[in-house]
Structures are given as structure tokens and as C-alpha cells.
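K.L.:
Pasting structure32.pdb here (PDB, C-alpha atoms (C1' of nucleotides)):
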ATOM      1  CA  MET A   1     -31.934  50.693  28.547
ATOM      2  CA  ILE A   2     -31.873  48.082  31.351
ATOM      3  CA  PRO A   3     -30.902  49.932  34.531
ATOM      4  CA  ASN A   4     -31.051  47.045  37.013
ATOM      5  CA  SER A   5     -29.993  44.075  34.902
ATOM      6  CA  THR A   6     -28.284  43.039  31.672
ATOM      7  CA  PRO A   7     -29.583  41.814  28.304
ATOM      8  CA  GLU A   8     -28.203  38.355  29.103
ATOM      9  CA  GLN A   9     -29.971  38.214  32.451
ATOM     10  CA  VAL A  10     -33.249  39.360  30.925
ATOM     11  CA  GLU A  11     -32.973  36.716  28.227
ATOM     12  CA  ALA A  12     -32.268  34.005  30.772
ATOM     13  CA  ALA A  13     -35.032  35.203  33.059
ATOM     14  CA  VAL A  14     -37.843  35.227  30.475
ATOM     15  CA  ALA A  15     -36.912  32.002  28.656
ATOM     16  CA  GLY A  16     -39.504  29.288  29.195
ATOM     17  CA  ARG A  17     -41.737  31.371  31.443
ATOM     18  CA  THR A  18     -45.423  32.125  31.061
ATOM     19  CA  VAL A  19     -47.021  35.554  31.240
ATOM     20  CA  GLU A  20     -49.512  35.142  34.058
ATOM     21  CA  GLY A  21     -50.772  38.690  34.241
ATOM     22  CA  VAL A  22     -50.379  42.195  32.888
ATOM     23  CA  GLU A  23     -50.758  45.233  35.120
ATOM     24  CA  ARG A  24     -50.087  48.954  34.983
ATOM     25  CA  ARG A  25     -48.904  51.278  37.727
ATOM     26  CA  GLY A  26     -48.408  54.914  36.740
ATOM     27  CA  LYS A  27     -46.599  54.782  33.418
ATOM     28  CA  TYR A  28     -44.997  51.423  34.156
ATOM     29  CA  LEU A  29     -46.220  48.321  32.329
ATOM     30  CA  LEU A  30     -45.854  45.250  34.549
ATOM     31  CA  LEU A  31     -45.564  41.788  33.022
ATOM     32  CA  GLY A  32     -45.995  39.134  35.699
ATOM     33  CA  LEU A  33     -44.141  35.988  34.683
ATOM     34  CA  SER A  34     -44.391  32.537  36.212
ATOM     35  CA  GLY A  35     -42.203  32.029  39.247
ATOM     36  CA  ASP A  36     -42.751  35.572  40.600
ATOM     37  CA  CYS A  37     -40.510  37.189  38.005
ATOM     38  CA  TRP A  38     -41.467  40.667  36.771
ATOM     39  CA  LEU A  39     -40.538  42.341  33.528
ATOM     40  CA  VAL A  40     -41.337  46.051  33.623
ATOM     41  CA  ILE A  41     -41.385  48.476  30.700
ATOM     42  CA  HIS A  42     -41.524  52.277  30.764
ATOM     43  CA  ARG A  43     -42.139  53.795  27.326
ATOM     44  CA  LYS A  44     -40.948  57.301  28.227
ATOM     45  CA  MET A  45     -41.281  59.677  25.266
ATOM     46  CA  SER A  46     -41.224  57.592  22.118
ATOM     47  CA  GLY A  47     -41.553  53.943  23.078
ATOM     48  CA  ASN A  48     -44.273  51.641  21.791
ATOM     49  CA  VAL A  49     -45.165  48.128  22.908
ATOM     50  CA  THR A  50     -46.938  46.024  20.301
ATOM     51  CA  LEU A  51     -48.070  42.480  19.688
ATOM     52  CA  SER A  52     -47.571  41.210  16.170
ATOM     53  CA  GLY A  53     -47.224  38.096  14.117
ATOM     54  CA  PRO A  54     -43.753  36.697  13.420
ATOM     55  CA  ASP A  55     -43.785  37.937   9.826
ATOM     56  CA  ALA A  56     -44.554  41.575  10.588
ATOM     57  CA  ALA A  57     -41.795  43.858   9.355
ATOM     58  CA  ALA A  58     -39.255  44.722  12.008
ATOM     59  CA  ALA A  59     -39.392  48.412  12.798
ATOM     60  CA  ARG A  60     -36.172  50.353  13.237
ATOM     61  CA  HIS A  61     -35.166  50.811  16.866
ATOM     62  CA  THR A  62     -36.636  47.543  18.075
ATOM     63  CA  HIS A  63     -34.922  46.838  21.382
ATOM     64  CA  LEU A  64     -36.800  43.868  22.809
ATOM     65  CA  VAL A  65     -38.695  40.995  21.231
ATOM     66  CA  LEU A  66     -40.446  38.363  23.335
ATOM     67  CA  TRP A  67     -41.328  35.262  21.335
ATOM     68  CA  PHE A  68     -44.354  33.293  22.492
ATOM     69  CA  ASP A  69     -45.179  29.663  21.788
ATOM     70  CA  ASP A  70     -48.018  30.679  19.443
ATOM     71  CA  GLU A  71     -45.565  32.729  17.350
ATOM     72  CA  THR A  72     -46.913  36.024  18.620
ATOM     73  CA  GLN A  73     -44.221  38.584  19.349
ATOM     74  CA  LEU A  74     -44.233  41.358  21.914
ATOM     75  CA  ARG A  75     -41.975  44.097  20.602
ATOM     76  CA  PHE A  76     -40.625  47.189  22.303
ATOM     77  CA  VAL A  77     -39.710  49.884  19.781
ATOM     78  CA  ASP A  78     -38.233  53.173  20.946
ATOM     79  CA  PRO A  79     -36.375  55.525  18.560
ATOM     80  CA  ARG A  80     -35.112  57.835  21.281
ATOM     81  CA  LYS A  81     -33.942  55.062  23.609
ATOM     82  CA  PHE A  82     -35.317  56.919  26.608
ATOM     83  CA  GLY A  83     -37.482  53.908  27.426
ATOM     84  CA  ARG A  84     -36.434  51.505  30.158
ATOM     85  CA  ILE A  85     -36.758  47.776  30.794
ATOM     86  CA  TYR A  86     -36.475  46.504  34.366
ATOM     87  CA  LEU A  87     -36.266  42.996  35.714
ATOM     88  CA  PHE A  88     -37.394  42.140  39.261
ATOM     89  CA  PRO A  89     -36.883  38.695  40.796
ATOM     90  CA  ALA A  90     -39.882  39.047  43.114
ATOM     91  CA  ARG A  91     -43.016  41.119  43.552
ATOM     92  CA  ALA A  92     -41.657  42.568  46.796
ATOM     93  CA  ALA A  93     -38.676  44.083  44.977
ATOM     94  CA  LEU A  94     -40.986  45.532  42.330
ATOM     95  CA  ASP A  95     -43.304  47.001  44.950
ATOM     96  CA  ALA A  96     -40.393  48.615  46.772
ATOM     97  CA  PHE A  97     -39.257  50.176  43.489
ATOM     98  CA  LEU A  98     -42.725  51.543  42.696
ATOM     99  CA  LEU A  99     -43.489  52.688  46.232
ATOM    100  CA  GLY A 100     -40.567  55.086  46.253
ATOM    101  CA  ARG A 101     -41.505  56.625  42.938
ATOM    102  CA  LEU A 102     -45.257  56.735  42.575
ATOM    103  CA  GLY A 103     -48.086  58.486  44.354
ATOM    104  CA  PRO A 104     -51.701  57.295  44.237
ATOM    105  CA  GLU A 105     -53.535  56.279  41.071
ATOM    106  CA  PRO A 106     -55.831  59.209  40.196
ATOM    107  CA  LEU A 107     -58.655  56.912  39.085
ATOM    108  CA  ASP A 108     -58.407  54.311  41.832
ATOM    109  CA  ASP A 109     -56.899  55.643  45.046
ATOM    110  CA  LEU A 110     -57.562  59.366  45.053
ATOM    111  CA  THR A 111     -60.168  60.910  47.353
ATOM    112  CA  ALA A 112     -61.048  64.536  48.038
ATOM    113  CA  ALA A 113     -59.532  64.269  51.513
ATOM    114  CA  GLY A 114     -56.429  62.596  50.138
ATOM    115  CA  LEU A 115     -55.891  65.317  47.563
ATOM    116  CA  ARG A 116     -56.443  68.042  50.182
ATOM    117  CA  GLU A 117     -53.780  66.541  52.447
ATOM    118  CA  ARG A 118     -51.290  66.127  49.636
ATOM    119  CA  LEU A 119     -51.798  69.683  48.372
ATOM    120  CA  ALA A 120     -51.541  71.157  51.877
ATOM    121  CA  ARG A 121     -48.012  69.834  52.238
ATOM    122  CA  ARG A 122     -46.797  71.410  48.991
ATOM    123  CA  ARG A 123     -45.913  74.865  47.814
ATOM    124  CA  ALA A 124     -44.967  73.992  44.246
ATOM    125  CA  ARG A 125     -46.846  75.154  41.174
ATOM    126  CA  LEU A 126     -49.715  73.005  40.009
ATOM    127  CA  LYS A 127     -48.044  72.142  36.723
ATOM    128  CA  SER A 128     -44.944  70.842  38.526
ATOM    129  CA  LEU A 129     -47.052  68.824  40.929
ATOM    130  CA  LEU A 130     -49.140  67.182  38.238
ATOM    131  CA  LEU A 131     -45.943  66.140  36.450
ATOM    132  CA  ASP A 132     -44.474  64.796  39.700
ATOM    133  CA  GLN A 133     -45.141  61.043  39.609
ATOM    134  CA  SER A 134     -44.688  60.786  43.370
ATOM    135  CA  PHE A 135     -47.541  63.267  43.831
ATOM    136  CA  LEU A 136     -49.980  61.554  41.467
ATOM    137  CA  ALA A 137     -49.067  58.607  39.266
ATOM    138  CA  GLY A 138     -49.405  58.578  35.524
ATOM    139  CA  ILE A 139     -50.044  62.165  34.462
ATOM    140  CA  GLY A 140     -47.830  63.517  31.673
ATOM    141  CA  ASN A 141     -47.329  66.887  30.055
ATOM    142  CA  LEU A 142     -50.333  66.979  27.766
ATOM    143  CA  TYR A 143     -52.752  65.593  30.339
ATOM    144  CA  ALA A 144     -51.491  68.095  32.923
ATOM    145  CA  ASP A 145     -52.368  70.960  30.581
ATOM    146  CA  GLU A 146     -55.756  69.503  29.720
ATOM    147  CA  ILE A 147     -56.561  68.905  33.397
ATOM    148  CA  LEU A 148     -55.653  72.467  34.411
ATOM    149  CA  TRP A 149     -57.750  73.888  31.582
ATOM    150  CA  GLU A 150     -60.702  71.701  32.545
ATOM    151  CA  ALA A 151     -60.332  72.827  36.172
ATOM    152  CA  ARG A 152     -59.914  76.494  35.165
ATOM    153  CA  LEU A 153     -56.667  76.727  37.115
ATOM    154  CA  HIS A 154     -53.501  78.590  36.119
ATOM    155  CA  PRO A 155     -50.547  76.198  35.784
ATOM    156  CA  ALA A 156     -48.347  78.458  37.933
ATOM    157  CA  ARG A 157     -50.755  78.565  40.888
ATOM    158  CA  SER A 158     -49.190  77.240  44.078
ATOM    159  CA  ALA A 159     -50.697  74.076  45.492
ATOM    160  CA  GLN A 160     -51.519  75.404  48.924
ATOM    161  CA  SER A 161     -53.301  78.465  47.533
ATOM    162  CA  LEU A 162     -56.261  76.448  46.291
ATOM    163  CA  THR A 163     -59.697  76.919  47.814
ATOM    164  CA  ALA A 164     -61.880  73.927  48.633
ATOM    165  CA  ARG A 165     -63.921  74.634  45.526
ATOM    166  CA  GLU A 166     -60.791  74.740  43.347
ATOM    167  CA  ARG A 167     -59.493  71.495  44.852
ATOM    168  CA  SER A 168     -62.771  69.875  43.992
ATOM    169  CA  ARG A 169     -62.529  71.132  40.413
ATOM    170  CA  LEU A 170     -58.972  69.781  40.182
ATOM    171  CA  LEU A 171     -60.029  66.332  41.339
ATOM    172  CA  ASP A 172     -63.000  66.202  38.985
ATOM    173  CA  ALA A 173     -60.965  67.493  36.060
ATOM    174  CA  THR A 174     -58.176  64.984  36.651
ATOM    175  CA  GLN A 175     -60.548  62.067  36.551
ATOM    176  CA  ARG A 176     -62.638  63.374  33.655
ATOM    177  CA  VAL A 177     -59.618  64.099  31.453
ATOM    178  CA  LEU A 178     -57.982  60.729  32.115
ATOM    179  CA  LEU A 179     -61.220  58.782  31.673
ATOM    180  CA  GLY A 180     -61.945  60.601  28.428
ATOM    181  CA  ALA A 181     -58.493  59.814  27.088
ATOM    182  CA  ILE A 182     -58.850  56.154  28.054
ATOM    183  CA  LEU A 183     -62.263  56.014  26.400
ATOM    184  CA  ARG A 184     -60.649  57.314  23.200
ATOM    185  CA  ARG A 185     -57.851  54.807  23.528
ATOM    186  CA  GLY A 186     -55.032  57.275  24.072
ATOM    187  CA  THR A 187     -53.575  60.433  22.572
ATOM    188  CA  SER A 188     -51.512  59.971  19.426
ATOM    189  CA  VAL A 189     -50.079  63.484  19.090
ATOM    190  CA  SER A 190     -47.124  61.821  17.452
ATOM    191  CA  ASP A 191     -46.264  58.141  17.169
ATOM    192  CA  TYR A 192     -48.199  56.498  19.980
ATOM    193  CA  VAL A 193     -49.971  53.275  19.068
ATOM    194  CA  ASP A 194     -51.537  50.636  21.281
ATOM    195  CA  ALA A 195     -50.584  46.965  21.455
ATOM    196  CA  ASN A 196     -52.451  46.304  18.200
ATOM    197  CA  GLY A 197     -50.701  49.125  16.390
ATOM    198  CA  GLU A 198     -53.811  51.340  16.488
ATOM    199  CA  ARG A 199     -53.582  55.073  17.019
ATOM    200  CA  GLY A 200     -55.716  56.672  19.705
ATOM    201  CA  GLN A 201     -58.361  59.319  19.020
ATOM    202  CA  ASN A 202     -57.895  61.730  21.931
ATOM    203  CA  GLN A 203     -55.595  64.030  19.968
ATOM    204  CA  ASP A 204     -58.699  65.225  18.098
ATOM    205  CA  PHE A 205     -60.325  66.315  21.361
ATOM    206  CA  LEU A 206     -57.544  68.352  22.989
ATOM    207  CA  GLN A 207     -58.684  71.736  24.294
ATOM    208  CA  VAL A 208     -55.363  73.526  24.825
ATOM    209  CA  TYR A 209     -52.321  71.281  24.411
ATOM    210  CA  GLY A 210     -50.403  72.239  21.277
ATOM    211  CA  ARG A 211     -53.034  74.832  20.325
ATOM    212  CA  GLU A 212     -51.182  78.133  20.703
ATOM    213  CA  GLY A 213     -53.045  81.005  19.057
ATOM    214  CA  LEU A 214     -56.273  79.051  18.587
ATOM    215  CA  PRO A 215     -59.366  80.241  20.452
ATOM    216  CA  CYS A 216     -60.130  78.790  23.878
ATOM    217  CA  PRO A 217     -63.151  76.493  23.439
ATOM    218  CA  ARG A 218     -64.662  78.038  26.578
ATOM    219  CA  CYS A 219     -64.071  81.773  26.321
ATOM    220  CA  GLY A 220     -62.595  82.400  22.873
ATOM    221  CA  ARG A 221     -59.378  84.056  24.017
ATOM    222  CA  PRO A 222     -56.301  82.792  22.128
ATOM    223  CA  ILE A 223     -54.460  79.952  23.856
ATOM    224  CA  ILE A 224     -50.922  80.869  24.897
ATOM    225  CA  ARG A 225     -47.789  78.782  25.349
ATOM    226  CA  GLN A 226     -45.272  79.345  28.125
ATOM    227  CA  VAL A 227     -42.478  77.226  29.510
ATOM    228  CA  ILE A 228     -43.502  76.273  33.031
ATOM    229  CA  ALA A 229     -41.736  73.592  35.058
ATOM    230  CA  GLN A 230     -39.308  73.165  32.152
ATOM    231  CA  ARG A 231     -42.063  72.024  29.830
ATOM    232  CA  GLY A 232     -44.124  73.571  27.079
ATOM    233  CA  THR A 233     -47.364  74.604  28.756
ATOM    234  CA  TRP A 234     -50.525  75.639  26.946
ATOM    235  CA  PHE A 235     -53.346  77.404  28.727
ATOM    236  CA  CYS A 236     -56.030  80.051  28.350
ATOM    237  CA  PRO A 237     -55.126  83.449  29.799
ATOM    238  CA  GLY A 238     -58.839  84.270  30.029
ATOM    239  CA  CYS A 239     -60.283  81.465  32.111
ATOM    240  CA  GLN A 240     -57.126  80.184  33.835
ATOM    241  CA  ARG A 241     -56.000  83.164  35.900
ATOM    242  CA  VAL A 242     -53.551  83.342  38.788
ATOM    243  CA  ARG A 243     -55.951  85.698  40.540
ATOM    244  CA  ARG A 244     -59.632  86.199  39.989
ATOM    245  CA  PRO A 245     -60.418  88.991  37.534
TER     246      PRO A 245
ATOM    247  C1'  DC B   1     -38.821  72.218  49.741
ATOM    248  C1'  DC B   2     -38.562  74.114  45.193
ATOM    249  C1'  DA B   3     -36.791  75.892  40.645
ATOM    250  C1'  DC B   4     -33.861  75.201  37.043
ATOM    251  C1'  DG B   5     -30.273  73.358  33.870
ATOM    252  C1'  DA B   6     -28.159  69.416  31.913
ATOM    253  C1'  DT B   7     -28.581  64.846  30.284
ATOM    254  C1'  DC B   8     -30.037  60.655  27.958
ATOM    255  C1'  DC B   9     -31.358  59.961  22.139
ATOM    256  C1'  DT B  10     -33.529  60.304  17.348
ATOM    257  C1'  DG B  11     -36.777  62.333  14.184
ATOM    258  C1'  DC B  12     -39.535  65.785  12.392
ATOM    259  C1'  DT B  13     -40.579  70.417  10.801
ATOM    260  C1'  DA B  14     -40.656  75.407  10.488
ATOM    261  C1'  DG B  15     -38.021  78.873   8.749
ATOM    262  C1'  DC B  16     -34.415  80.693   6.216
TER     263       DC B  16
ATOM    264  C1'  DT C   1     -34.371  71.881  -2.709
ATOM    265  C1'  DG C   2     -31.248  71.873   1.232
ATOM    266  C1'  DC C   3     -29.607  73.092   5.689
ATOM    267  C1'  DT C   4     -30.234  73.899  10.632
ATOM    268  C1'  DA C   5     -32.213  75.342  14.888
ATOM    269  C1'  DG C   6     -35.662  74.092  17.824
ATOM    270  C1'  DC C   7     -38.876  71.132  19.669
ATOM    271  C1'  DA C   8     -40.915  66.635  21.186
ATOM    272  C1'  DG C   9     -45.802  61.804  25.177
ATOM    273  C1'  DG C  10     -40.208  61.628  30.600
ATOM    274  C1'  DA C  11     -37.441  61.259  34.553
ATOM    275  C1'  DT C  12     -33.172  61.828  37.091
ATOM    276  C1'  DC C  13     -29.334  64.142  39.068
ATOM    277  C1'  DG C  14     -26.820  68.065  40.660
ATOM    278  C1'  DT C  15     -26.769  73.008  42.027
ATOM    279  C1'  DG C  16     -28.357  77.046  44.361
TER     280       DG C  16
END
Starting from the coordinates I provided, produce the structure as C-alpha cells.

P.N.:
Amino acid sequence: MIPNSTPEQVEAAVAGRTVEGVERRGKYLLLGLSGDCWLVIHRKMSGNVTLSGPDAAAARHTHLVLWFDDETQLRFVDPRKFGRIYLFPARAALDAFLLGRLGPEPLDDLTAAGLRERLARRRARLKSLLLDQSFLAGIGNLYADEILWEARLHPARSAQSLTARERSRLLDATQRVLLGAILRRGTSVSDYVDANGERGQNQDFLQVYGREGLPCPRCGRPIIRQVIAQRGTWFCPGCQRVRRP
DNA sequence: CCACGATCCTGCTAGC
DNA sequence: TGCTAGCAGGATCGTG
């Protein structure tokens, strides 16, 4: 689970250091330690990062525990072991790693002109693009489906086929869906909990994801599920059409 | 450039 | 009740 280091090196690197800052870029959690050392965690499918007291029961599949002076523990628990822990000896090395993998932050760095230029260079289907972290950072399978529903766009539409109006809807939908999910402190469709062990609320507000057969909240047609871009994809065949009716 | 399959793992559940 | 096939919040690599 440590692609660019070893457990021994991680242990040696974190010992005695102070956490000076916590950042996020895409789906990567960045822990800035004293002396320009960076510990980076990606939760992938099933990982959770929590803070707990020293006496809290140890969950199965705990792979990393950071002990702080005040007895607090940061724990990384990941049953499927898809999660990854990286160690970078300097911010420059971390930035180089992220630069090659991540596109702009949808809520911070994305403009209408920026999105237009990025879409113009691509022919892929919208669903594939939204899942592509180098196109936009941080969007996963369920948010991709929710965004495309909100924007009334078919997941198999090709990027360069979008009209200016549709591009605008896509940008608005992306930001609205992500902001809504953040406001509700995340989507716990399964085991996700935040650092305090609290489940999010956004799973109770999903419009299409995981809702095959249920009526579209907008037009009432039953939601359908198809595999698109290798992933389960839920959308409304009534208001998300490849071509206008 | 793009689509797709395989791969890394464990746990849950729908269906028989 | 017990078994098993299928599916799951992700990303990478190789093939065509």
C-alpha cells in the first residue's frame, strides 16, 4: 500500500515531526509535516481516515496509526487495501506527482472558458471524462452520475458535441452537486465516515445513483442502469438524451 | 486519442 | 439456513 516508500521509511520519516497543515488535492489527502515532509493518503474505494482516542477499539484492516503527543491517533482503515500511502521528501516532489495526475479543482480553478477549452480537445464520452482525474480532479462515479443528471446530459455524449448552453449547464451542475455533497458532509452509500467517525447525509439526496427503476425526480420516467466507461451508470432516459427528442 | 479488459482486495447481499 | 455469483466510493496498465 506504499508505492514509493517502505513501512520502515514512513515510520522513520514521521517520528518526532509535527503536522503543520492539512490539505486536499483531488482525492489525495496531504499531511504537511515539519521539515517539508509530506505524507499523502488516497482512500480509494473503502478507506477511511479517522481521529480517535488511544482507547478506541482497533478496527479490522487498520494499516496505519499515527500517534500524537496528546494521545490522539490518526488511523487509516481500508478493508480492500486499494488505498495508498505516499511519502514525499519535499513539496516539489509532491507537486510533480500531483501535476501529472490531476486536472483543475472544479470548485476553485474551473472557469467557463477553461472548461470549453478542455472539452474541445476531447472526443471521449462525458462519463469517462468526468471520471478522468486529469480532466477534472476529485469527481468519482456517483458524483459523475449526479452531475450529468443535474445537467440533463446523457453520459455517453461526446465531449466536443456539447453546445455552449450545455457546457454552461455542465459547469453549473458540477459545482452545485459537489457543493451540495460537501454541505451534507459527504455521501455514505456504504462505509464512508469522516475524521470523527460520522456518516455523511448526501446519500439521502441522490437523484439517480443507485436508483434503478425508481422514478426520475424531474420527469417521472424510471431511472435506468447501464455500464458506461466500465462503471455502473445510472441516468434518466427521459431527460438525459443523446439527441434532443 | 479512446474503449475495454484485467488487476489489486474484502465484504455484503440478492437470488437460488 | 447456506452457498455463490455479482457488485461495490478507484486508478493503472496493457491491448487493439

K.L.:
Could you state the separation of atom CA of A:Lys81 and atom CA of A:Thr62 in Å, given to one decimal place?

P.N.:
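Straight-line distance from atom CA of A:Lys81 to atom CA of A:Thr62 works out to 9.7 Å.
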
K.L.:
So the first atom is atom C1' of B:DT7 and the second is atom C1' of C:DA8; what is the distance between them in Å, to one decimal place?

P.N.:
15.4 Å

K.L.:
Find the residues of chain A in contact range of chain B, meaning any atom within 9 Å when counting all atoms listed in the file, and list them as a count of residues only.

P.N.:
9

K.L.:
To one decimal place, how far is atom CA of A:Arg116 from atom CA of A:Arg24 in Å?

P.N.:
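Answer for the atom CA of A:Arg116 to atom CA of A:Arg24 separation: 25.2 Å.
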
K.L.:
Show me, as a PyMOL selection string, the residues that have an atom within 10 Å of C:DG10 when counting only C-alpha atoms (C1' of nucleotides), minus same-chain residues fewer than 5 positions from it.

P.N.:
chain A and resi 27+42-46+82-83+131+140-141

K.L.:
Output C-alpha atoms of each residue in that selection to a file, as a compact mmCIF listing (two decimals), in the frame of the given file.

P.N.:
# COMPACT_ATOMS: atom_id res chain seq x y z
CA LYS A 27 -46.60 54.78 33.42
CA HIS A 42 -41.52 52.28 30.76
CA ARG A 43 -42.14 53.80 27.33
CA LYS A 44 -40.95 57.30 28.23
CA MET A 45 -41.28 59.68 25.27
CA SER A 46 -41.22 57.59 22.12
CA PHE A 82 -35.32 56.92 26.61
CA GLY A 83 -37.48 53.91 27.43
CA LEU A 131 -45.94 66.14 36.45
CA GLY A 140 -47.83 63.52 31.67
CA ASN A 141 -47.33 66.89 30.06

K.L.:
For the structure shown, which residues end up in the PyMOL selection byres ((chain A and resi 238) around 12)? Put them as a ChimeraX atom specification, please?

P.N.:
/A:149,152-154,215-224,235-237,239-245

K.L.:
Could you check which of A:Gly53, A:Gly138, A:Gly197, A:Pro106 is closest to chain C, using only C-alpha atoms (C1' of nucleotides)?

P.N.:
A:Gly138

K.L.:
Within 12 Å of stretch 182-194 of chain A, counting all atoms listed in the file, which residues show up once you throw out same-chain ones fewer than 2 positions away? Write them as a PyMOL selection string, please.

P.N.:
(chain A and resi 43-52+74-80+107+140-143+146+175-180+196-206+209-211) or (chain B and resi 11-12) or (chain C and resi 8-9)
